[in-house]
$ cat structure-v7.txt   # compact mmCIF, C-alpha atoms
# COMPACT_ATOMS: atom_id res chain seq x y z
CA MET A 1 103.61 94.86 94.26
CA LEU A 2 101.65 94.56 97.49
CA GLY A 3 101.90 90.79 97.20
CA SER A 4 105.60 90.73 96.42
CA LEU A 5 106.97 93.14 99.02
CA GLU A 6 107.50 92.34 102.67
CA ASP A 7 105.94 94.82 105.13
CA ALA A 8 104.42 97.19 102.58
CA LYS A 9 101.77 99.84 103.28
CA VAL A 10 99.47 101.50 100.78
CA LEU A 11 99.72 105.29 100.66
CA ALA A 12 96.67 107.11 99.28
CA GLY A 13 95.62 110.33 101.03
CA GLY A 14 98.18 109.82 103.79
CA GLN A 15 96.28 111.88 106.33
CA SER A 16 96.45 109.07 108.92
CA LEU A 17 99.50 107.16 107.73
CA VAL A 18 101.92 110.06 107.31
CA PRO A 19 101.43 111.33 110.90
CA LEU A 20 102.25 107.80 112.06
CA LEU A 21 105.36 107.82 109.88
CA ASN A 22 106.36 111.28 111.12
CA PHE A 23 106.17 110.05 114.71
CA ARG A 24 107.93 106.79 113.74
CA LEU A 25 104.95 104.92 115.17
CA ALA A 26 104.70 103.09 111.85
CA ARG A 27 107.93 102.06 110.15
CA PRO A 28 106.96 100.02 107.11
CA GLN A 29 109.75 98.78 104.88
CA HIS A 30 107.90 99.88 101.76
CA LEU A 31 105.30 102.47 100.85
CA ILE A 32 103.24 101.97 97.71
CA ASP A 33 101.77 105.25 96.50
CA ILE A 34 98.60 104.49 94.54
CA ASN A 35 97.85 108.13 93.63
CA ARG A 36 98.98 107.78 90.02
CA ILE A 37 96.84 104.74 89.22
CA SER A 38 94.16 105.85 86.77
CA GLY A 39 90.52 104.83 86.94
CA LEU A 40 90.36 104.71 90.73
CA ASP A 41 88.85 108.12 91.44
CA GLY A 42 85.19 107.67 90.53
CA ILE A 43 81.97 108.05 92.53
CA HIS A 44 79.24 105.91 90.97
CA GLU A 45 75.62 105.12 91.67
CA ARG A 46 75.44 101.32 91.85
CA ASP A 47 73.00 98.68 93.13
CA GLY A 48 70.88 101.20 94.99
CA GLY A 49 73.82 102.83 96.68
CA ILE A 50 77.04 104.75 96.14
CA ALA A 51 80.35 103.19 95.15
CA VAL A 52 83.36 105.28 96.14
CA GLN A 53 86.67 104.26 94.57
CA ALA A 54 90.03 104.15 96.31
CA LEU A 55 91.35 107.57 95.31
CA VAL A 56 88.19 109.59 95.90
CA ARG A 57 89.04 112.40 98.31
CA GLN A 58 86.68 113.03 101.20
CA ALA A 59 86.21 116.58 99.90
CA ALA A 60 84.93 115.19 96.59
CA VAL A 61 82.33 113.10 98.43
CA GLU A 62 81.35 116.14 100.48
CA ASP A 63 80.73 118.13 97.27
CA SER A 64 79.20 115.29 95.24
CA GLU A 65 75.68 115.87 93.98
CA VAL A 66 75.06 112.13 93.57
CA VAL A 67 76.19 111.40 97.15
CA ALA A 68 73.91 114.17 98.46
CA ARG A 69 70.99 112.64 96.56
CA ILE A 70 71.53 108.93 97.27
CA CYS A 71 73.34 108.86 100.59
CA PRO A 72 73.08 112.19 102.44
CA LEU A 73 74.18 110.37 105.61
CA LEU A 74 77.58 109.82 103.98
CA ARG A 75 77.84 113.50 103.03
CA ASP A 76 76.90 114.64 106.56
CA SER A 77 79.37 112.18 108.07
CA VAL A 78 82.28 113.19 105.85
CA ARG A 79 81.83 116.78 107.02
CA LEU A 80 82.69 115.60 110.55
CA VAL A 81 86.01 114.12 109.40
CA ALA A 82 88.81 116.46 110.53
CA HIS A 83 88.92 119.71 108.54
CA ARG A 84 88.41 120.61 104.89
CA VAL A 85 92.16 120.92 104.29
CA ILE A 86 92.60 117.34 105.52
CA ARG A 87 89.61 116.17 103.48
CA ASN A 88 91.22 117.64 100.35
CA ARG A 89 93.75 114.78 100.56
CA GLY A 90 92.17 112.12 102.76
CA THR A 91 90.26 109.31 101.06
CA VAL A 92 87.08 107.51 102.09
CA CYS A 93 88.53 104.06 101.35
CA GLY A 94 91.70 104.96 103.26
CA SER A 95 89.69 105.91 106.35
CA ILE A 96 87.91 102.58 106.21
CA ALA A 97 91.04 100.49 105.62
CA HIS A 98 92.85 102.36 108.40
CA ALA A 99 90.03 101.29 110.77
CA ASP A 100 90.57 103.83 113.50
CA PRO A 101 87.89 102.93 116.06
CA ALA A 102 87.13 106.62 116.66
CA SER A 103 86.62 107.51 113.02
CA GLU A 104 83.23 108.17 111.49
CA LEU A 105 83.27 106.41 108.12
CA PRO A 106 83.79 102.81 109.32
CA ALA A 107 80.77 103.25 111.61
CA VAL A 108 78.71 104.70 108.75
CA LEU A 109 79.61 101.72 106.55
CA LEU A 110 78.61 99.39 109.38
CA ALA A 111 75.33 101.17 110.17
CA LEU A 112 74.31 101.11 106.52
CA GLY A 113 75.39 97.51 105.98
CA GLY A 114 77.80 98.42 103.20
CA ASN A 115 80.86 96.58 101.98
CA VAL A 116 84.30 97.01 100.46
CA THR A 117 85.83 95.39 97.40
CA ALA A 118 89.36 94.16 98.01
CA GLN A 119 91.65 93.36 95.11
CA SER A 120 94.92 91.48 94.95
CA SER A 121 96.82 89.59 92.27
CA ARG A 122 94.74 86.59 93.42
CA GLY A 123 91.48 88.28 92.44
CA ARG A 124 88.68 90.35 93.90
CA ARG A 125 86.43 89.73 96.86
CA VAL A 126 83.67 91.65 98.59
CA ILE A 127 83.90 92.02 102.37
CA ALA A 128 80.77 93.05 104.27
CA ALA A 129 81.26 95.80 106.84
CA ASP A 130 80.38 93.47 109.72
CA GLN A 131 83.16 91.10 108.60
CA LEU A 132 85.77 93.82 108.02
CA PHE A 133 86.65 95.44 111.33
CA ARG A 134 88.62 93.18 113.65
CA GLY A 135 90.35 95.44 116.17
CA VAL A 136 92.09 98.76 116.67
CA PHE A 137 93.54 99.58 113.20
CA GLU A 138 92.90 95.94 112.27
CA THR A 139 90.77 94.60 109.45
CA SER A 140 90.24 91.27 107.73
CA LEU A 141 92.11 92.60 104.68
CA GLN A 142 95.11 90.48 103.73
CA PRO A 143 98.50 92.19 103.40
CA ASP A 144 98.39 91.88 99.60
CA GLU A 145 94.87 93.31 99.26
CA LEU A 146 93.95 96.85 98.27
CA VAL A 147 90.52 98.34 98.96
CA VAL A 148 89.53 99.48 95.48
CA GLU A 149 85.98 100.49 96.35
CA ALA A 150 83.65 101.08 99.27
CA TRP A 151 79.94 100.66 98.67
CA PHE A 152 77.40 102.53 100.81
CA PRO A 153 73.71 101.62 100.48
CA ALA A 154 71.34 104.58 100.01
CA SER A 155 70.63 106.13 103.39
CA PRO A 156 67.23 105.11 104.72
CA GLN A 157 64.98 107.63 106.46
CA PRO A 158 65.49 108.72 109.11
CA TYR A 159 69.23 108.98 109.34
CA ALA A 160 71.53 110.92 111.67
CA ILE A 161 75.08 111.15 112.91
CA PHE A 162 76.05 112.79 116.18
CA GLU A 163 79.43 112.91 117.88
CA GLU A 164 81.06 114.69 120.76
CA SER A 165 84.61 115.97 120.54
CA ARG A 166 86.63 118.41 122.60
CA ARG A 167 87.38 120.66 119.63
CA HIS A 168 85.75 120.91 116.22
CA GLY A 169 87.47 118.49 113.86
CA ASP A 170 89.10 116.40 116.58
CA PHE A 171 88.55 112.69 116.87
CA ALA A 172 85.25 111.99 118.59
CA LEU A 173 85.15 110.91 122.23
CA ALA A 174 82.09 108.95 121.17
CA GLY A 175 79.68 108.98 118.28
CA ALA A 176 76.44 107.44 117.07
CA VAL A 177 75.22 106.78 113.53
CA ARG A 178 71.59 106.01 112.83
CA ALA A 179 70.47 104.51 109.54
CA GLY A 180 66.76 103.75 109.78
CA ASP A 181 66.42 101.34 112.71
CA SER A 182 70.11 100.50 112.72
CA LEU A 183 72.52 102.09 115.21
CA ALA A 184 76.33 101.99 115.05
CA LEU A 185 78.68 103.52 117.61
CA PHE A 186 82.26 104.67 117.28
CA GLY A 187 84.99 105.69 119.71
CA VAL A 188 83.77 103.33 122.42
CA ALA A 189 85.25 99.94 121.50
CA SER A 190 88.16 98.53 119.53
CA THR A 191 86.02 98.63 116.38
CA PRO A 192 82.81 100.39 115.38
CA VAL A 193 79.94 98.36 116.85
CA LEU A 194 76.27 97.82 116.14
CA ALA A 195 74.11 98.54 119.17
CA ASP A 196 70.56 98.17 120.40
CA ARG A 197 68.75 101.50 120.53
CA ALA A 198 66.87 100.43 123.68
CA ASP A 199 70.12 99.96 125.62
CA PRO A 200 72.97 101.26 123.46
CA ALA A 201 75.67 101.09 126.14
CA ARG A 202 75.03 97.44 127.00
CA GLY A 203 78.16 95.31 126.95
CA LEU A 204 80.48 98.19 126.15
CA GLU A 205 83.73 98.65 128.03
CA PRO A 206 85.23 101.80 126.50
CA SER A 207 88.73 102.86 127.39
CA GLY A 208 89.49 105.97 129.39
CA ASP A 209 92.08 108.62 128.64
CA LEU A 210 92.88 112.22 129.50
CA GLU A 211 89.91 113.46 127.52
CA ALA A 212 87.17 111.14 128.71
CA SER A 213 86.67 108.47 131.36
CA PRO A 214 84.96 105.17 130.47
CA ALA A 215 81.88 106.27 132.43
CA PHE A 216 81.70 109.56 130.53
CA ARG A 217 81.96 107.72 127.20
CA LEU A 218 79.07 105.45 128.22
CA HIS A 219 77.07 108.52 129.18
CA LEU A 220 77.81 110.06 125.79
CA VAL A 221 76.70 106.87 124.03
CA ARG A 222 73.30 107.02 125.71
CA VAL A 223 72.83 110.73 125.02
CA LEU A 224 74.03 110.58 121.40
CA ALA A 225 71.93 107.49 120.60
CA GLU A 226 68.87 109.16 122.08
CA LYS A 227 69.53 112.28 119.98
CA ALA A 228 69.97 110.15 116.87
CA PHE A 229 66.61 108.46 117.39
CA ALA A 230 64.88 111.73 118.21
CA ALA A 231 66.09 113.15 114.90
CA MET B 1 107.15 119.79 90.32
CA ARG B 2 106.26 123.41 89.79
CA VAL B 3 106.53 125.58 92.88
CA ASN B 4 105.16 129.11 92.58
CA GLY B 5 105.35 128.81 88.81
CA VAL B 6 108.97 127.66 88.70
CA GLU B 7 109.93 124.13 87.67
CA HIS B 8 112.10 122.32 90.22
CA SER B 9 113.80 118.96 89.98
CA ALA B 10 112.62 116.09 92.12
CA PRO B 11 113.89 115.73 95.66
CA THR B 12 116.68 113.20 95.87
CA ASP B 13 115.31 111.53 98.97
CA ALA B 14 111.97 109.70 98.66
CA ARG B 15 111.49 110.03 102.43
CA ARG B 16 111.49 113.84 102.32
CA LEU B 17 108.25 115.52 103.41
CA LEU B 18 106.97 118.24 101.11
CA SER B 19 107.23 120.73 104.00
CA ASP B 20 110.91 119.89 104.57
CA HIS B 21 111.61 119.94 100.83
CA LEU B 22 110.12 123.42 100.48
CA ARG B 23 112.05 124.77 103.47
CA HIS B 24 115.38 122.97 103.34
CA ASP B 25 115.92 122.18 99.66
CA LEU B 26 114.18 125.13 98.01
CA GLY B 27 114.74 127.70 100.77
CA LEU B 28 111.04 128.63 100.88
CA THR B 29 110.88 129.14 104.63
CA GLY B 30 107.55 130.95 104.51
CA THR B 31 105.91 127.55 104.90
CA HIS B 32 106.13 126.96 108.64
CA VAL B 33 106.32 123.64 110.43
CA GLY B 34 104.54 123.37 113.76
CA CYS B 35 103.19 120.03 114.84
CA GLU B 36 104.24 117.78 111.92
CA HIS B 37 101.11 115.70 112.22
CA GLY B 38 98.49 117.75 110.46
CA VAL B 39 96.86 119.44 113.44
CA CYS B 40 98.23 122.98 113.55
CA GLY B 41 97.86 124.02 109.91
CA CYS B 42 101.06 126.13 109.79
CA CYS B 43 102.44 124.19 106.82
CA THR B 44 99.35 124.58 104.61
CA VAL B 45 100.16 125.11 100.91
CA LEU B 46 98.07 124.89 97.75
CA LEU B 47 98.34 121.72 95.68
CA ASP B 48 96.82 122.38 92.26
CA GLY B 49 94.91 125.22 93.91
CA ALA B 50 93.46 123.31 96.89
CA PRO B 51 94.91 123.76 100.39
CA VAL B 52 96.69 120.72 101.83
CA ARG B 53 99.08 120.02 104.70
CA SER B 54 102.61 119.91 103.31
CA CYS B 55 103.76 117.93 106.38
CA LEU B 56 101.39 115.09 105.45
CA MET B 57 102.73 114.60 101.93
CA LEU B 58 105.98 113.25 100.67
CA ALA B 59 107.72 115.67 98.32
CA VAL B 60 107.89 113.02 95.58
CA GLN B 61 104.09 112.88 95.62
CA ALA B 62 103.99 116.48 94.37
CA GLU B 63 105.80 115.49 91.15
CA GLY B 64 103.78 116.71 88.20
CA HIS B 65 101.70 119.02 90.38
CA GLU B 66 101.63 122.75 90.99
CA VAL B 67 102.51 123.81 94.53
CA THR B 68 101.83 127.35 95.72
CA THR B 69 103.41 128.61 98.93
CA VAL B 70 102.89 131.92 100.68
CA GLU B 71 105.88 133.25 98.72
CA GLY B 72 103.91 132.63 95.53
CA LEU B 73 100.99 134.87 96.42
CA ALA B 74 102.69 138.25 95.91
CA ARG B 75 106.00 138.00 94.10
CA ASP B 76 108.93 140.33 94.69
CA ALA B 77 107.71 143.93 94.60
CA ALA B 78 104.12 143.05 93.74
CA PRO B 79 101.44 144.43 96.04
CA LEU B 80 100.14 142.07 98.68
CA HIS B 81 97.61 139.41 97.77
CA PRO B 82 94.11 140.51 98.89
CA VAL B 83 94.14 137.93 101.69
CA GLN B 84 97.53 139.18 102.92
CA GLN B 85 96.34 142.78 102.65
CA ALA B 86 93.24 141.92 104.68
CA PHE B 87 95.30 140.21 107.43
CA HIS B 88 97.49 143.34 107.51
CA GLU B 89 94.56 145.75 107.74
CA CYS B 90 92.62 143.76 110.34
CA HIS B 91 95.61 142.83 112.52
CA GLY B 92 94.95 139.20 111.71
CA LEU B 93 98.33 138.23 113.12
CA GLN B 94 100.39 138.71 116.20
CA CYS B 95 103.58 136.64 116.34
CA GLY B 96 103.06 135.53 112.74
CA PHE B 97 104.01 131.89 113.11
CA CYS B 98 100.61 130.56 112.08
CA THR B 99 99.99 133.29 109.50
CA PRO B 100 101.27 131.63 106.30
CA GLY B 101 99.08 128.61 107.02
CA PHE B 102 96.03 130.74 107.75
CA VAL B 103 96.61 132.81 104.61
CA MET B 104 96.87 129.73 102.39
CA SER B 105 93.79 128.13 104.00
CA VAL B 106 91.81 131.33 103.46
CA VAL B 107 92.96 131.58 99.82
CA GLY B 108 91.60 128.03 99.40
CA LEU B 109 88.40 128.85 101.30
CA LEU B 110 87.66 131.86 99.09
CA ALA B 111 88.33 129.84 95.96
CA GLN B 112 85.71 127.34 97.18
CA HIS B 113 83.27 129.90 98.63
CA PRO B 114 83.87 133.38 97.11
CA ASP B 115 81.20 134.86 99.39
CA PRO B 116 81.33 132.68 102.52
CA SER B 117 78.74 132.78 105.30
CA PRO B 118 80.01 133.44 108.85
CA GLN B 119 79.65 129.71 109.47
CA GLN B 120 81.69 128.86 106.37
CA ILE B 121 84.39 131.29 107.51
CA GLU B 122 84.58 129.61 110.92
CA GLU B 123 84.63 126.17 109.34
CA GLY B 124 87.25 127.34 106.86
CA ILE B 125 89.71 128.54 109.49
CA SER B 126 88.91 125.83 112.05
CA GLY B 127 91.79 123.65 110.84
CA ASN B 128 94.41 126.24 111.75
CA LEU B 129 95.63 127.00 115.25
CA CYS B 130 96.67 130.45 116.47
CA ARG B 131 98.28 130.47 119.91
CA CYS B 132 98.22 134.27 120.21
CA THR B 133 94.42 133.88 120.18
CA GLY B 134 93.84 136.16 117.28
CA TYR B 135 90.79 134.35 115.96
CA ALA B 136 88.40 137.33 116.18
CA SER B 137 90.67 139.50 114.06
CA ILE B 138 91.43 136.61 111.71
CA ARG B 139 87.70 136.18 111.18
CA ARG B 140 87.43 139.90 110.41
CA ALA B 141 90.37 139.58 108.03
CA VAL B 142 88.54 136.88 106.06
CA SER B 143 85.49 139.14 105.70
CA ARG B 144 87.77 141.98 104.60
CA ALA B 145 89.49 139.72 102.08
CA VAL B 146 86.07 138.98 100.57
CA GLU B 147 85.51 142.73 100.11
CA LEU B 148 88.99 143.23 98.63
CA THR B 149 88.51 140.35 96.21
CA LYS B 150 85.20 141.64 94.82
$ encode --input "structure-v7.txt" --output "structure tokens"
Amino acid sequence: MLGSLEDAKVLAGGQSLVPLLNFRLARPQHLIDINRISGLDGIHERDGGIAVQALVRQAAVEDSEVVARICPLLRDSVRLVAHRVIRNRGTVCGSIAHADPASELPAVLLALGGNVTAQSSRGRRVIAADQLFRGVFETSLQPDELVVEAWFPASPQPYAIFEESRRHGDFALAGAVRAGDSLALFGVASTPVLADRADPARGLEPSGDLEASPAFRLHLVRVLAEKAFAA
Amino acid sequence: MRVNGVEHSAPTDARRLLSDHLRHDLGLTGTHVGCEHGVCGCCTVLLDGAPVRSCLMLAVQAEGHEVTTVEGLARDAAPLHPVQQAFHECHGLQCGFCTPGFVMSVVGLLAQHPDPSPQQIEEGISGNLCRCTGYASIRRAVSRAVELTK
């Protein structure tokens, strides 16, 4: 269906897409609700990591024993996504495909070096996190491709995620994810970005808005990265 | 879909939000609509027992599911639900606009954590906004609801 319809969007949890529809900021011609497709709601241990299928709610990942054991960084990160009531509907794969630069899960996937599996009528392909995020709400997914699975490697020690937001559950002004020696930042560029722990703000030109100036975001990056590596 | 235990036919318009369907088509105006983008929490209902934002779901997506609104907690002449009773006793409301959403979120919270820690209570109500600034009494109401439920 995705391949045959012009201007179609996939609807899974809808916690990012439906607000955009309500505000008429997104006006797709077609919505394809995947919620009734069976066999897409599993969390599996695979290849030394965790595979999360397209319809797995963020709340299910938060409560998952296998996620807590294999990838506690993912569990800790999911808890920072909005509020529990939102996580009851919102999906992990949806967050990643939506590619909001201020959201946690794309940065976690990037820091861990994970990937997504995209499926279309043409077949399946695996896209590494560092090849996925292209811009604000933009990915290298083709219009006919559905993210059927996101794969997160086991979190290395030490790991940490820190973010700063004006109110609990709001989008972060800036955030830092540490996975071993790897550092990914979110909220400070058009995509999540890998950064050097020695000089995490180097090369960044974050945008400013009512909530935070560019200079304040750069300050946050330095503080949050330092906290992550002190953890 | 079943709403408060009663089977209803599907909405005729696929564009209809669940919140608008409940209010305008079914007349269940206890579900309030505040921000319409998932921030305020006024429209929270239970979907198969778990709290969700009814403004962030299309009504057709609830087909085959059980929806519970604030009207479904204590039917007709039944006594108040323990969470409603606790909000009443602890003055957990002022103007009342946010109250149905808070009540449904707390029902979901107590289903998940029957004996929540103070931190779990704060986390549990953090997704609902109250502009009369009644959070202290709402927090007390949650603790009271735990006692009433035991």
$ closest_atom_pairs --input "structure-v7.txt" --of "chain A" --to "chain B" --cutoff "9 Å" --atoms "all atoms listed in the file" --output "CSV"
residue,atom,partner,partner_atom,distance
A:Gly13,CA,B:Met57,CA,8.3
A:Gly14,CA,B:Leu56,CA,6.4
A:Gln15,CA,B:Leu56,CA,6.1
A:Ser16,CA,B:Leu56,CA,8.5
A:Leu17,CA,B:Leu56,CA,8.5
A:Val18,CA,B:Leu56,CA,5.4
A:Pro19,CA,B:His37,CA,4.6
A:Leu20,CA,B:His37,CA,8.0
A:Asn22,CA,B:Glu36,CA,6.9
A:Phe23,CA,B:His37,CA,8.0
A:Asp33,CA,B:Gln61,CA,8.0
A:Asn35,CA,B:Gln61,CA,8.1
A:Ala82,CA,B:Gly127,CA,7.8
A:His83,CA,B:Gly127,CA,5.4
A:Arg84,CA,B:Gly124,CA,7.1
A:Val85,CA,B:Val52,CA,5.2
A:Ile86,CA,B:Val52,CA,6.5
A:Arg87,CA,B:Val52,CA,8.6
A:Asn88,CA,B:Val52,CA,6.4
A:Arg89,CA,B:Val52,CA,6.7
A:His168,CA,B:Ser126,CA,7.2
A:Gly169,CA,B:Gly127,CA,7.4
A:Asp170,CA,B:Val39,CA,8.9
$ atom_distance --input "structure-v7.txt" --atom1 "CA of Leu21 in chain A" --atom2 "CA of Glu6 in chain A"
17.2 Å
$ atom_distance --input "structure-v7.txt" --atom1 "CA of Leu109 in chain A" --atom2 "CA of Phe152 in chain A"
6.2 Å
$ closest_residue --input "structure-v7.txt" --among "A:Ala174, A:Leu25, A:Ile70, A:Val147" --to "Arg46 in chain A" --atoms "only C-alpha atoms"
A:Ile70
$ closest_residue --input "structure-v7.txt" --among "A:Gly187, A:Asp144, A:Met1, A:Gly114" --to "Asp47 in chain A" --atoms "all atoms listed in the file"
A:Gly114
